[in-house]
$ cat query.txt   # compact mmCIF, C-alpha atoms and all ligand atoms
# COMPACT_ATOMS: atom_id res chain seq x y z
CA MET A 1 -48.51 -14.62 -13.38
CA ILE A 2 -46.61 -15.61 -16.55
CA THR A 3 -43.10 -14.13 -16.63
CA LYS A 4 -42.07 -13.07 -20.14
CA ILE A 5 -38.37 -13.65 -20.85
CA ILE A 6 -37.14 -11.31 -23.59
CA PRO A 7 -33.65 -11.60 -25.13
CA ILE A 8 -31.99 -8.21 -25.69
CA ASP A 9 -28.74 -8.33 -27.69
CA ASP A 10 -28.60 -4.68 -28.52
CA ALA A 11 -30.26 -1.78 -26.71
CA GLN A 12 -30.86 0.16 -29.94
CA LYS A 13 -32.25 -2.70 -32.02
CA CYS A 14 -34.50 -3.77 -29.15
CA ALA A 15 -36.12 -0.39 -28.50
CA PRO A 16 -39.70 -1.77 -28.81
CA GLN A 17 -39.02 -4.50 -26.20
CA LEU A 18 -37.37 -1.98 -23.87
CA SER A 19 -40.30 0.35 -24.24
CA GLU A 20 -42.67 -2.53 -23.34
CA ALA A 21 -40.55 -3.19 -20.22
CA GLY A 22 -40.66 0.53 -19.39
CA GLU A 23 -44.46 0.52 -19.63
CA ILE A 24 -44.61 -2.36 -17.12
CA ILE A 25 -42.65 -0.27 -14.60
CA LYS A 26 -44.73 2.86 -15.21
CA ALA A 27 -47.89 0.82 -14.61
CA GLY A 28 -46.56 -0.32 -11.22
CA GLY A 29 -45.27 -3.75 -12.30
CA LEU A 30 -41.85 -5.40 -11.99
CA ALA A 31 -39.20 -6.31 -14.58
CA ALA A 32 -35.72 -7.75 -14.05
CA PHE A 33 -32.89 -6.29 -16.13
CA PRO A 34 -29.16 -6.82 -16.69
CA THR A 35 -26.55 -4.47 -15.25
CA GLU A 36 -22.76 -4.74 -15.43
CA THR A 37 -22.67 -5.99 -11.80
CA VAL A 38 -25.64 -8.38 -11.35
CA TYR A 39 -29.26 -8.52 -12.57
CA GLY A 40 -31.63 -6.08 -10.87
CA LEU A 41 -35.31 -6.50 -9.97
CA GLY A 42 -36.78 -3.20 -11.15
CA GLY A 43 -39.84 -1.26 -10.07
CA ASP A 44 -40.83 2.44 -10.08
CA ALA A 45 -38.69 3.98 -7.31
CA LEU A 46 -41.18 6.81 -6.79
CA ASN A 47 -44.19 4.51 -6.36
CA PRO A 48 -44.57 3.08 -2.82
CA ALA A 49 -46.74 0.22 -4.10
CA SER A 50 -43.98 -0.86 -6.51
CA SER A 51 -41.42 -0.99 -3.72
CA ARG A 52 -43.78 -3.08 -1.60
CA LYS A 53 -44.14 -5.49 -4.54
CA ILE A 54 -40.36 -5.76 -4.85
CA TYR A 55 -40.03 -6.81 -1.20
CA GLU A 56 -42.81 -9.33 -1.65
CA ALA A 57 -41.38 -10.86 -4.86
CA LYS A 58 -37.93 -11.22 -3.27
CA GLY A 59 -39.18 -12.35 0.12
CA ARG A 60 -37.03 -9.54 1.52
CA PRO A 61 -37.49 -7.80 4.88
CA SER A 62 -38.92 -4.34 4.17
CA ASP A 63 -36.41 -2.55 6.44
CA ASN A 64 -33.72 -3.31 3.85
CA PRO A 65 -33.56 -0.26 1.54
CA LEU A 66 -33.45 -0.38 -2.28
CA ILE A 67 -30.99 1.30 -4.65
CA VAL A 68 -32.52 3.91 -6.98
CA HIS A 69 -31.04 3.55 -10.48
CA ILE A 70 -30.78 6.60 -12.73
CA ALA A 71 -29.53 7.00 -16.31
CA ASP A 72 -28.58 10.69 -16.41
CA MET A 73 -26.91 13.11 -14.00
CA GLU A 74 -29.84 15.54 -14.54
CA ALA A 75 -32.08 13.03 -12.76
CA LEU A 76 -30.13 13.24 -9.49
CA PRO A 77 -31.15 16.60 -7.93
CA ALA A 78 -34.88 15.71 -7.77
CA ILE A 79 -34.36 12.70 -5.48
CA VAL A 80 -31.78 14.13 -3.05
CA LYS A 81 -31.78 17.11 -0.64
CA ASP A 82 -28.66 18.46 -2.26
CA VAL A 83 -25.81 17.18 -4.41
CA PRO A 84 -22.62 17.52 -2.35
CA GLU A 85 -19.32 18.26 -4.08
CA THR A 86 -18.15 14.76 -3.11
CA ALA A 87 -21.01 13.25 -5.16
CA ASN A 88 -20.13 15.37 -8.20
CA LYS A 89 -16.50 14.28 -7.99
CA LEU A 90 -17.36 10.59 -7.72
CA ALA A 91 -20.00 10.78 -10.45
CA GLU A 92 -17.54 12.38 -12.80
CA ALA A 93 -14.95 9.70 -12.12
CA PHE A 94 -17.06 6.54 -11.76
CA TRP A 95 -20.57 7.01 -13.25
CA PRO A 96 -21.95 5.34 -15.16
CA GLY A 97 -20.45 2.36 -13.33
CA PRO A 98 -20.44 0.01 -10.34
CA LEU A 99 -20.69 2.65 -7.60
CA THR A 100 -23.67 3.42 -5.34
CA MET A 101 -23.75 6.65 -3.31
CA ILE A 102 -25.80 7.21 -0.15
CA LEU A 103 -27.22 10.76 0.01
CA GLU A 104 -29.93 12.61 1.98
CA LYS A 105 -33.24 11.88 0.22
CA SER A 106 -35.78 14.44 -1.03
CA ASP A 107 -39.54 14.17 -0.33
CA LEU A 108 -40.04 12.71 -3.81
CA VAL A 109 -38.59 9.37 -2.69
CA PRO A 110 -41.07 7.35 -0.64
CA LYS A 111 -39.95 5.74 2.63
CA GLU A 112 -41.08 2.39 1.23
CA THR A 113 -38.15 2.61 -1.21
CA THR A 114 -35.58 3.58 1.45
CA GLY A 115 -36.72 1.09 4.08
CA GLY A 116 -37.84 3.97 6.30
CA LEU A 117 -34.50 5.84 6.12
CA ASP A 118 -34.02 9.57 5.38
CA THR A 119 -31.18 8.67 3.03
CA VAL A 120 -31.33 7.18 -0.45
CA ALA A 121 -28.87 4.93 -2.33
CA VAL A 122 -28.33 6.05 -5.95
CA ARG A 123 -26.48 4.32 -8.77
CA MET A 124 -26.02 4.97 -12.49
CA PRO A 125 -25.14 1.62 -14.10
CA SER A 126 -22.96 1.48 -17.23
CA ASP A 127 -24.72 -1.42 -18.99
CA ALA A 128 -26.35 -0.07 -22.20
CA VAL A 129 -29.50 -2.19 -21.76
CA ALA A 130 -29.85 -1.01 -18.14
CA LEU A 131 -29.57 2.65 -19.17
CA ALA A 132 -32.12 2.31 -21.99
CA PHE A 133 -34.51 0.43 -19.68
CA ILE A 134 -34.25 3.07 -16.91
CA ARG A 135 -35.02 5.84 -19.42
CA ALA A 136 -37.97 3.89 -20.85
CA ALA A 137 -39.25 3.35 -17.29
CA GLY A 138 -39.42 7.06 -16.49
CA GLY A 139 -35.93 7.64 -15.07
CA TYR A 140 -36.06 6.21 -11.53
CA VAL A 141 -35.86 2.45 -11.12
CA ALA A 142 -35.62 0.91 -7.63
CA ALA A 143 -33.72 -2.35 -7.96
CA PRO A 144 -32.24 -4.80 -5.54
CA SER A 145 -30.38 -7.79 -6.93
CA ALA A 146 -32.94 -10.04 -8.69
CA ASN A 147 -32.58 -13.08 -6.41
CA ARG A 148 -34.90 -14.52 -3.77
CA SER A 149 -33.69 -13.20 -0.42
CA GLY A 150 -30.78 -15.31 0.88
CA ARG A 151 -29.75 -16.70 -2.54
CA PRO A 152 -26.63 -15.58 -4.44
CA SER A 153 -27.21 -12.52 -6.67
CA PRO A 154 -28.02 -13.60 -10.25
CA THR A 155 -25.37 -13.06 -12.93
CA ARG A 156 -27.54 -14.34 -15.81
CA ALA A 157 -31.23 -14.27 -16.76
CA GLU A 158 -31.59 -18.02 -16.23
CA TYR A 159 -30.74 -17.54 -12.52
CA VAL A 160 -33.30 -14.75 -12.22
CA ALA A 161 -35.90 -17.13 -13.66
CA GLN A 162 -34.90 -19.86 -11.16
CA ASP A 163 -35.69 -17.47 -8.31
CA LEU A 164 -38.50 -15.24 -9.63
CA ASP A 165 -40.36 -17.05 -12.45
CA GLY A 166 -44.10 -16.46 -12.00
CA ARG A 167 -43.53 -13.63 -9.49
CA ILE A 168 -42.68 -10.75 -11.89
CA GLU A 169 -43.96 -9.56 -15.28
CA MET A 170 -40.74 -9.67 -17.32
CA ILE A 171 -37.06 -10.60 -17.43
CA LEU A 172 -34.80 -8.82 -19.93
CA ASP A 173 -32.07 -11.30 -20.90
CA GLY A 174 -28.88 -9.42 -21.77
CA GLY A 175 -26.47 -12.35 -21.27
CA ASP A 176 -23.88 -12.80 -18.54
CA ALA A 177 -23.14 -9.84 -16.24
CA THR A 178 -19.61 -8.67 -17.01
CA LEU A 179 -18.46 -7.96 -13.42
CA GLY A 180 -20.44 -10.47 -11.33
CA LEU A 181 -20.43 -8.77 -7.89
CA GLU A 182 -22.67 -5.94 -6.67
CA SER A 183 -21.63 -2.28 -6.74
CA THR A 184 -19.42 -0.60 -4.16
CA ILE A 185 -21.58 1.39 -1.71
CA VAL A 186 -20.17 4.63 -0.28
CA ASP A 187 -22.01 6.70 2.33
CA LEU A 188 -21.55 10.41 1.60
CA THR A 189 -23.79 11.54 4.48
CA VAL A 190 -21.02 10.93 7.02
CA GLU A 191 -17.65 12.60 7.47
CA PRO A 192 -15.34 11.07 6.34
CA PRO A 193 -17.29 9.14 3.68
CA ALA A 194 -17.55 5.43 4.48
CA ILE A 195 -17.55 2.29 2.34
CA LEU A 196 -20.54 0.14 3.33
CA ARG A 197 -20.00 -2.59 0.73
CA PRO A 198 -16.71 -3.26 -1.12
CA GLY A 199 -16.78 -3.72 -4.91
CA PHE A 200 -14.94 -2.94 -8.13
CA ILE A 201 -14.54 0.73 -7.21
CA THR A 202 -12.01 0.13 -4.44
CA GLY A 203 -11.19 2.12 -1.30
CA GLU A 204 -7.97 3.22 -2.97
CA MET A 205 -9.85 4.58 -6.02
CA LEU A 206 -12.28 6.50 -3.78
CA ARG A 207 -9.45 7.92 -1.64
CA GLN A 208 -7.76 9.27 -4.76
CA LYS A 209 -10.86 11.40 -5.38
CA LEU A 210 -11.98 12.26 -1.83
CA GLY A 211 -8.95 11.98 0.42
CA CYS A 212 -9.99 10.12 3.56
CA VAL A 213 -12.54 7.28 3.15
CA GLU A 214 -13.40 4.87 5.96
CA GLU A 215 -13.95 1.13 5.56
CA ASP A 216 -16.45 -0.59 7.81
CA ARG A 217 -14.53 -3.34 9.68
CA THR A 218 -17.64 -5.51 9.94
CA LEU A 219 -17.32 -6.08 6.16
CA PHE A 220 -14.26 -8.28 6.54
CA CYS A 221 -14.50 -9.75 10.06
CA GLY A 222 -17.62 -11.39 11.40
CA ASP A 223 -16.89 -10.86 15.08
CA THR A 224 -16.41 -7.13 15.72
CA GLY A 225 -19.55 -6.90 17.83
CA GLN A 226 -20.68 -3.90 15.73
CA ALA A 227 -23.74 -3.84 13.46
CA PRO A 228 -22.92 -3.26 9.77
CA LYS A 229 -24.05 0.16 8.51
CA ALA A 230 -25.80 -0.96 5.30
CA PRO A 231 -28.95 -2.67 6.62
CA GLY A 232 -28.65 -5.39 3.96
CA MET A 233 -25.19 -6.42 5.07
CA LYS A 234 -26.53 -7.87 8.33
CA TYR A 235 -28.51 -10.60 6.57
CA ARG A 236 -26.89 -13.90 5.59
CA HIS A 237 -26.79 -13.30 1.85
CA TYR A 238 -25.19 -15.09 -1.03
CA ALA A 239 -25.54 -18.36 0.77
CA PRO A 240 -25.45 -21.79 -0.88
CA ALA A 241 -27.73 -24.45 0.61
CA GLY A 242 -24.76 -26.57 1.76
CA GLU A 243 -22.40 -25.67 4.60
CA LEU A 244 -19.50 -23.54 3.31
CA ILE A 245 -16.20 -23.20 5.18
CA VAL A 246 -13.23 -21.02 4.14
CA VAL A 247 -9.74 -22.25 5.01
CA ARG A 248 -6.81 -19.85 5.37
CA GLY A 249 -3.10 -20.59 5.63
CA GLU A 250 -0.04 -21.82 3.73
CA ALA A 251 -1.06 -23.54 0.46
CA GLU A 252 0.16 -27.02 1.43
CA ALA A 253 -1.38 -26.93 4.89
CA VAL A 254 -4.69 -25.76 3.40
CA THR A 255 -4.74 -28.62 0.87
CA ALA A 256 -3.90 -31.24 3.52
CA TYR A 257 -6.52 -29.93 5.95
CA ILE A 258 -9.29 -29.66 3.34
CA ASN A 259 -8.61 -33.12 1.89
CA GLY A 260 -8.83 -34.58 5.40
CA GLU A 261 -12.17 -32.86 6.02
CA LEU A 262 -13.53 -33.84 2.59
CA ALA A 263 -12.63 -37.49 3.26
CA ARG A 264 -14.42 -37.31 6.60
CA GLY A 265 -17.44 -35.74 4.90
CA ARG A 266 -17.58 -38.57 2.35
CA GLN A 267 -17.43 -41.12 5.18
CA ASP A 268 -20.48 -39.41 6.66
CA ASN A 269 -22.20 -39.82 3.25
CA LYS A 270 -22.09 -36.12 2.51
CA ARG A 271 -21.82 -34.83 -1.03
CA THR A 272 -18.68 -32.69 -0.99
CA GLY A 273 -17.49 -29.62 -2.90
CA ILE A 274 -14.29 -27.60 -3.26
CA ILE A 275 -13.65 -24.03 -4.44
CA ALA A 276 -10.01 -23.42 -5.37
CA ALA A 277 -7.84 -21.67 -7.96
CA ASP A 278 -6.64 -23.14 -11.30
CA GLU A 279 -3.21 -23.76 -9.80
CA THR A 280 -4.47 -25.97 -6.96
CA ILE A 281 -7.89 -27.35 -7.95
CA GLY A 282 -6.29 -30.62 -9.12
CA ASN A 283 -4.95 -31.30 -5.60
CA TYR A 284 -8.37 -31.94 -4.06
CA ARG A 285 -10.71 -34.93 -3.98
CA ALA A 286 -14.32 -33.73 -3.90
CA ASP A 287 -17.55 -34.73 -5.65
CA VAL A 288 -17.89 -31.28 -7.19
CA ALA A 289 -14.80 -29.13 -7.87
CA ARG A 290 -14.97 -25.55 -9.13
CA SER A 291 -12.10 -23.20 -9.92
CA VAL A 292 -12.45 -19.42 -9.67
CA GLY A 293 -9.70 -19.07 -12.30
CA LYS A 294 -6.03 -18.14 -11.96
CA ARG A 295 -5.11 -17.16 -8.40
CA ALA A 296 -3.90 -13.71 -9.49
CA ASP A 297 -7.09 -12.96 -11.48
CA ALA A 298 -9.48 -11.42 -8.94
CA ALA A 299 -11.80 -10.16 -11.71
CA ALA A 300 -12.34 -13.75 -12.90
CA ALA A 301 -13.13 -14.85 -9.33
CA ALA A 302 -15.61 -11.98 -8.99
CA LYS A 303 -17.29 -12.88 -12.25
CA GLY A 304 -17.63 -16.59 -11.46
CA LEU A 305 -18.29 -16.72 -7.70
CA TYR A 306 -22.10 -16.50 -7.66
CA ARG A 307 -22.45 -18.94 -10.58
CA ILE A 308 -20.27 -21.41 -8.67
CA LEU A 309 -22.32 -21.04 -5.49
CA ARG A 310 -25.53 -21.71 -7.45
CA GLU A 311 -23.96 -24.74 -9.15
CA PHE A 312 -23.25 -26.31 -5.75
CA ASP A 313 -26.97 -25.98 -5.00
CA ASP A 314 -27.90 -27.54 -8.38
CA GLU A 315 -25.54 -30.45 -7.61
CA GLY A 316 -27.02 -30.96 -4.15
CA VAL A 317 -23.68 -30.49 -2.36
CA ASP A 318 -23.89 -30.65 1.48
CA LEU A 319 -20.36 -29.66 2.51
CA ILE A 320 -18.17 -27.15 0.64
CA TYR A 321 -14.63 -26.09 1.47
CA SER A 322 -13.03 -23.05 -0.13
CA GLU A 323 -9.52 -21.75 -0.36
CA SER A 324 -9.09 -18.12 0.66
CA PHE A 325 -8.40 -15.50 -2.05
CA GLU A 326 -6.91 -12.60 -0.11
CA GLY A 327 -5.37 -9.62 -1.87
CA ALA A 328 -5.78 -5.92 -2.52
CA GLY A 329 -8.42 -4.25 -4.72
CA VAL A 330 -11.19 -6.44 -6.14
CA SER A 331 -10.03 -9.41 -4.00
CA GLN A 332 -11.49 -7.56 -1.02
CA ALA A 333 -14.94 -7.63 -2.59
CA VAL A 334 -14.53 -11.32 -3.49
CA MET A 335 -13.51 -12.21 0.09
CA ASN A 336 -16.31 -10.08 1.57
CA ARG A 337 -18.92 -12.04 -0.44
CA LEU A 338 -17.24 -15.42 0.11
CA LEU A 339 -17.07 -14.87 3.90
CA LYS A 340 -20.72 -13.77 3.93
CA ALA A 341 -21.71 -16.86 1.95
CA ALA A 342 -19.83 -18.93 4.54
CA GLY A 343 -21.62 -17.15 7.40
CA HIS A 344 -18.04 -16.19 8.43
CA LYS A 345 -17.04 -19.80 9.09
CA VAL A 346 -13.25 -19.62 8.70
CA ILE A 347 -10.57 -22.11 9.74
CA ASN A 348 -6.99 -20.89 10.07
CA VAL A 349 -4.50 -23.74 9.59
O1 LIG B 1 -24.77 -3.73 -8.14
C1 LIG B 1 -25.75 -3.44 -7.45
O2 LIG B 1 -25.73 -2.54 -6.60
C2 LIG B 1 -27.04 -4.24 -7.71
C3 LIG B 1 -27.52 -3.90 -9.12
C4 LIG B 1 -28.87 -4.48 -9.42
O3 LIG B 1 -27.52 -2.52 -9.30
N1 LIG B 1 -28.03 -3.93 -6.71
C5 LIG B 1 -27.93 -4.40 -5.42
O4 LIG B 1 -29.02 -4.08 -4.61
O5 LIG B 1 -26.99 -5.05 -5.02
P1 LIG B 1 -29.31 -4.82 -3.24
O6 LIG B 1 -30.65 -4.33 -2.83
O7 LIG B 1 -29.17 -6.28 -3.41
O8 LIG B 1 -28.26 -4.27 -2.25
C6 LIG B 1 -28.40 -2.92 -1.81
C7 LIG B 1 -27.64 -2.71 -0.54
C8 LIG B 1 -28.29 -3.36 0.66
O9 LIG B 1 -27.29 -3.95 1.46
C9 LIG B 1 -28.94 -2.16 1.36
O10 LIG B 1 -29.06 -2.36 2.75
C10 LIG B 1 -27.98 -1.04 1.03
O11 LIG B 1 -27.63 -1.30 -0.29
N2 LIG B 1 -28.65 0.28 1.08
C11 LIG B 1 -29.64 0.73 0.25
N3 LIG B 1 -30.04 1.97 0.62
C12 LIG B 1 -29.30 2.32 1.69
C13 LIG B 1 -29.25 3.46 2.55
N4 LIG B 1 -30.05 4.49 2.35
N5 LIG B 1 -28.36 3.46 3.55
C14 LIG B 1 -27.53 2.40 3.75
N6 LIG B 1 -27.53 1.29 2.99
C15 LIG B 1 -28.40 1.24 1.98
MG MG B 2 -28.82 -8.23 -2.97
$ encode --input "query.txt" --output "structure tokens"
Amino acid sequence: MITKIIPIDDAQKCAPQLSEAGEIIKAGGLAAFPTETVYGLGGDALNPASSRKIYEAKGRPSDNPLIVHIADMEALPAIVKDVPETANKLAEAFWPGPLTMILEKSDLVPKETTGGLDTVAVRMPSDAVALAFIRAAGGYVAAPSANRSGRPSPTRAEYVAQDLDGRIEMILDGGDATLGLESTIVDLTVEPPAILRPGFITGEMLRQKLGCVEEDRTLFCGDTGQAPKAPGMKYRHYAPAGELIVVRGEAEAVTAYINGELARGRQDNKRTGIIAADETIGNYRADVARSVGKRADAAAAAKGLYRILREFDDEGVDLIYSESFEGAGVSQAVMNRLLKAAGHKVINV
């Protein structure tokens, strides 16, 4: 299959291209599209054959459910059993935007889309191209992140092409994703509601609207002995090809420890990498050095993390050390993804 890559600078000016992409979805095909978080691999959420194709193109286990993307609040009631008050409150505050809600599904949503579950994940993205594409596609687009299973989520069309060229009909190129990490997932089918994946809509923001909201401890620690509640969170995602190790502790001790390990890696003929902040990146000796930006700027780290992980792969790096970027708010999402990419390999110095 030849994958068409179509640049879209402006949703309004590119209406004909978006309508062509919409026709692909309606006919049961697949098209990748930009969202404000990461690129999605879209198919018709109400067509079981489309969902099967998505799993196949990604190489993803089919027990890992897909998020249904909608463009209008009027589209919600048809795909869920009922719209709880909690969902209305969150939609009013955070939709369109980087928040996914888990709700009881209606019969309209095939089990192929929900990985066999009776619940469905729903999100209304804020990206203008995403919204126009969803409408052109008939209103219900199932979309996981548009990477091959196990690779970091793609934040630009070029990365989608690296993973899926020849496997899908079209890629809509809307430039770099503005946020860079996947949406927050909140489960509204449990009491109290529970965060299954941290993101830009933080626990604090959700608590302001709903009162009590639980955070799944497996998201931040690898060794709780519990299974994560979002099926996808149990897989080793976001992983670079090289070994990645996160080092925690006082800044000077971290630098000394990492430089020692990098030197040892070089002796073993490994190609080495370092992930640090602007303030400290100059203190390390590695073959490939990447800064996530200023230490206090969690949004910059979120935006750049997946690009950096892919660049280590492009550079053929075998051994990567990373500083830790702990903090409140968006930092939690950054650390959640970084620890997952590291397979929870953490050294405390
Ligand atoms: O920002 C995002 O959410 C991006 C863009 C494209 O919208 N999408 C995305 O989809 O990250 P994906 O498939 O890569 O991640 C979806 C996550 C998986 O971990 C999956 O297990 C979980 O959502 N999920 C989906 N439906 C669920 C359900 N019914 N119950 C629990 N978890 C669910
Ligand atoms: Mg994903």
$ atom_distance --input "query.txt" --atom1 "atom CA of A:Val80" --atom2 "atom CA of A:Ala21"
25.9 Å
$ axis_aligned_box --input "query.txt" --around "stretch 271-289 of chain A" --padding-each-side "6 Å" --output "lines of an AutoDock Vina configuration file"
center_x = -12.5
center_y = -28.3
center_z = -6.1
size_x = 30.6
size_y = 25.3
size_z = 22.3
$ closest_residue --input "query.txt" --among "A:Thr178, A:Thr113, A:Ser183, A:Thr202" --to "ligand MG 2 (chain B)" --atoms "only C-alpha atoms and all ligand atoms"
A:Ser183
$ residues_near_ligand --input "query.txt" --ligand "ligand MG 2 (chain B)" --cutoff "7 Å" --atoms "only C-alpha atoms and all ligand atoms" --output "ChimeraX atom specification"
/A:144-145,153
$ atom_distance --input "query.txt" --atom1 "atom CA of A:Ile102" --atom2 "atom CA of A:Asp187"
4.6 Å
$ closest_residue --input "query.txt" --among "A:Val346, A:Ile185, A:Ala45, A:Ala301" --to "ligand LIG 1 (chain B)" --atoms "only C-alpha atoms and all ligand atoms"
A:Ile185
$ atom_distance --input "query.txt" --atom1 "atom CA of A:Val83" --atom2 "atom CA of A:Met101"
10.8 Å
$ residues_near_ligand --input "query.txt" --ligand "ligand LIG 1 (chain B)" --cutoff "7 Å" --atoms "only C-alpha atoms and all ligand atoms" --output "PyMOL selection string"
chain A and resi 35+37-41+64-67+98+100+102+114+117+119-121+123+125+143-146+181-183+185+229-233
$ write_last_selection --input "query.txt" --atoms "C-alpha atoms" --output "mmCIF file, in the frame of the given file"
data_model
loop_
_atom_site.group_PDB
_atom_site.id
_atom_site.type_symbol
_atom_site.label_atom_id
_atom_site.label_comp_id
_atom_site.auth_asym_id
_atom_site.auth_seq_id
_atom_site.Cartn_x
_atom_site.Cartn_y
_atom_site.Cartn_z
ATOM 1 C CA THR A 35 -26.550 -4.470 -15.250
ATOM 2 C CA THR A 37 -22.670 -5.990 -11.800
ATOM 3 C CA VAL A 38 -25.640 -8.380 -11.350
ATOM 4 C CA TYR A 39 -29.260 -8.520 -12.570
ATOM 5 C CA GLY A 40 -31.630 -6.080 -10.870
ATOM 6 C CA LEU A 41 -35.310 -6.500 -9.970
ATOM 7 C CA ASN A 64 -33.720 -3.310 3.850
ATOM 8 C CA PRO A 65 -33.560 -0.260 1.540
ATOM 9 C CA LEU A 66 -33.450 -0.380 -2.280
ATOM 10 C CA ILE A 67 -30.990 1.300 -4.650
ATOM 11 C CA PRO A 98 -20.440 0.010 -10.340
ATOM 12 C CA THR A 100 -23.670 3.420 -5.340
ATOM 13 C CA ILE A 102 -25.800 7.210 -0.150
ATOM 14 C CA THR A 114 -35.580 3.580 1.450
ATOM 15 C CA LEU A 117 -34.500 5.840 6.120
ATOM 16 C CA THR A 119 -31.180 8.670 3.030
ATOM 17 C CA VAL A 120 -31.330 7.180 -0.450
ATOM 18 C CA ALA A 121 -28.870 4.930 -2.330
ATOM 19 C CA ARG A 123 -26.480 4.320 -8.770
ATOM 20 C CA PRO A 125 -25.140 1.620 -14.100
ATOM 21 C CA ALA A 143 -33.720 -2.350 -7.960
ATOM 22 C CA PRO A 144 -32.240 -4.800 -5.540
ATOM 23 C CA SER A 145 -30.380 -7.790 -6.930
ATOM 24 C CA ALA A 146 -32.940 -10.040 -8.690
ATOM 25 C CA LEU A 181 -20.430 -8.770 -7.890
ATOM 26 C CA GLU A 182 -22.670 -5.940 -6.670
ATOM 27 C CA SER A 183 -21.630 -2.280 -6.740
ATOM 28 C CA ILE A 185 -21.580 1.390 -1.710
ATOM 29 C CA LYS A 229 -24.050 0.160 8.510
ATOM 30 C CA ALA A 230 -25.800 -0.960 5.300
ATOM 31 C CA PRO A 231 -28.950 -2.670 6.620
ATOM 32 C CA GLY A 232 -28.650 -5.390 3.960
ATOM 33 C CA MET A 233 -25.190 -6.420 5.070
#
$ residues_around --input "query.txt" --residues "A:Gln12" --least-positions-apart "5" --cutoff "10 Å" --atoms "all atoms listed in the file" --output "MDAnalysis selection string"
chainID A and resid 18 128:129 132
$ write_last_selection --input "query.txt" --atoms "C-alpha atoms" --output "mmCIF file, keeping the file's coordinate frame"
data_model
loop_
_atom_site.group_PDB
_atom_site.id
_atom_site.type_symbol
_atom_site.label_atom_id
_atom_site.label_comp_id
_atom_site.auth_asym_id
_atom_site.auth_seq_id
_atom_site.Cartn_x
_atom_site.Cartn_y
_atom_site.Cartn_z
ATOM 1 C CA LEU A 18 -37.370 -1.980 -23.870
ATOM 2 C CA ALA A 128 -26.350 -0.070 -22.200
ATOM 3 C CA VAL A 129 -29.500 -2.190 -21.760
ATOM 4 C CA ALA A 132 -32.120 2.310 -21.990
#
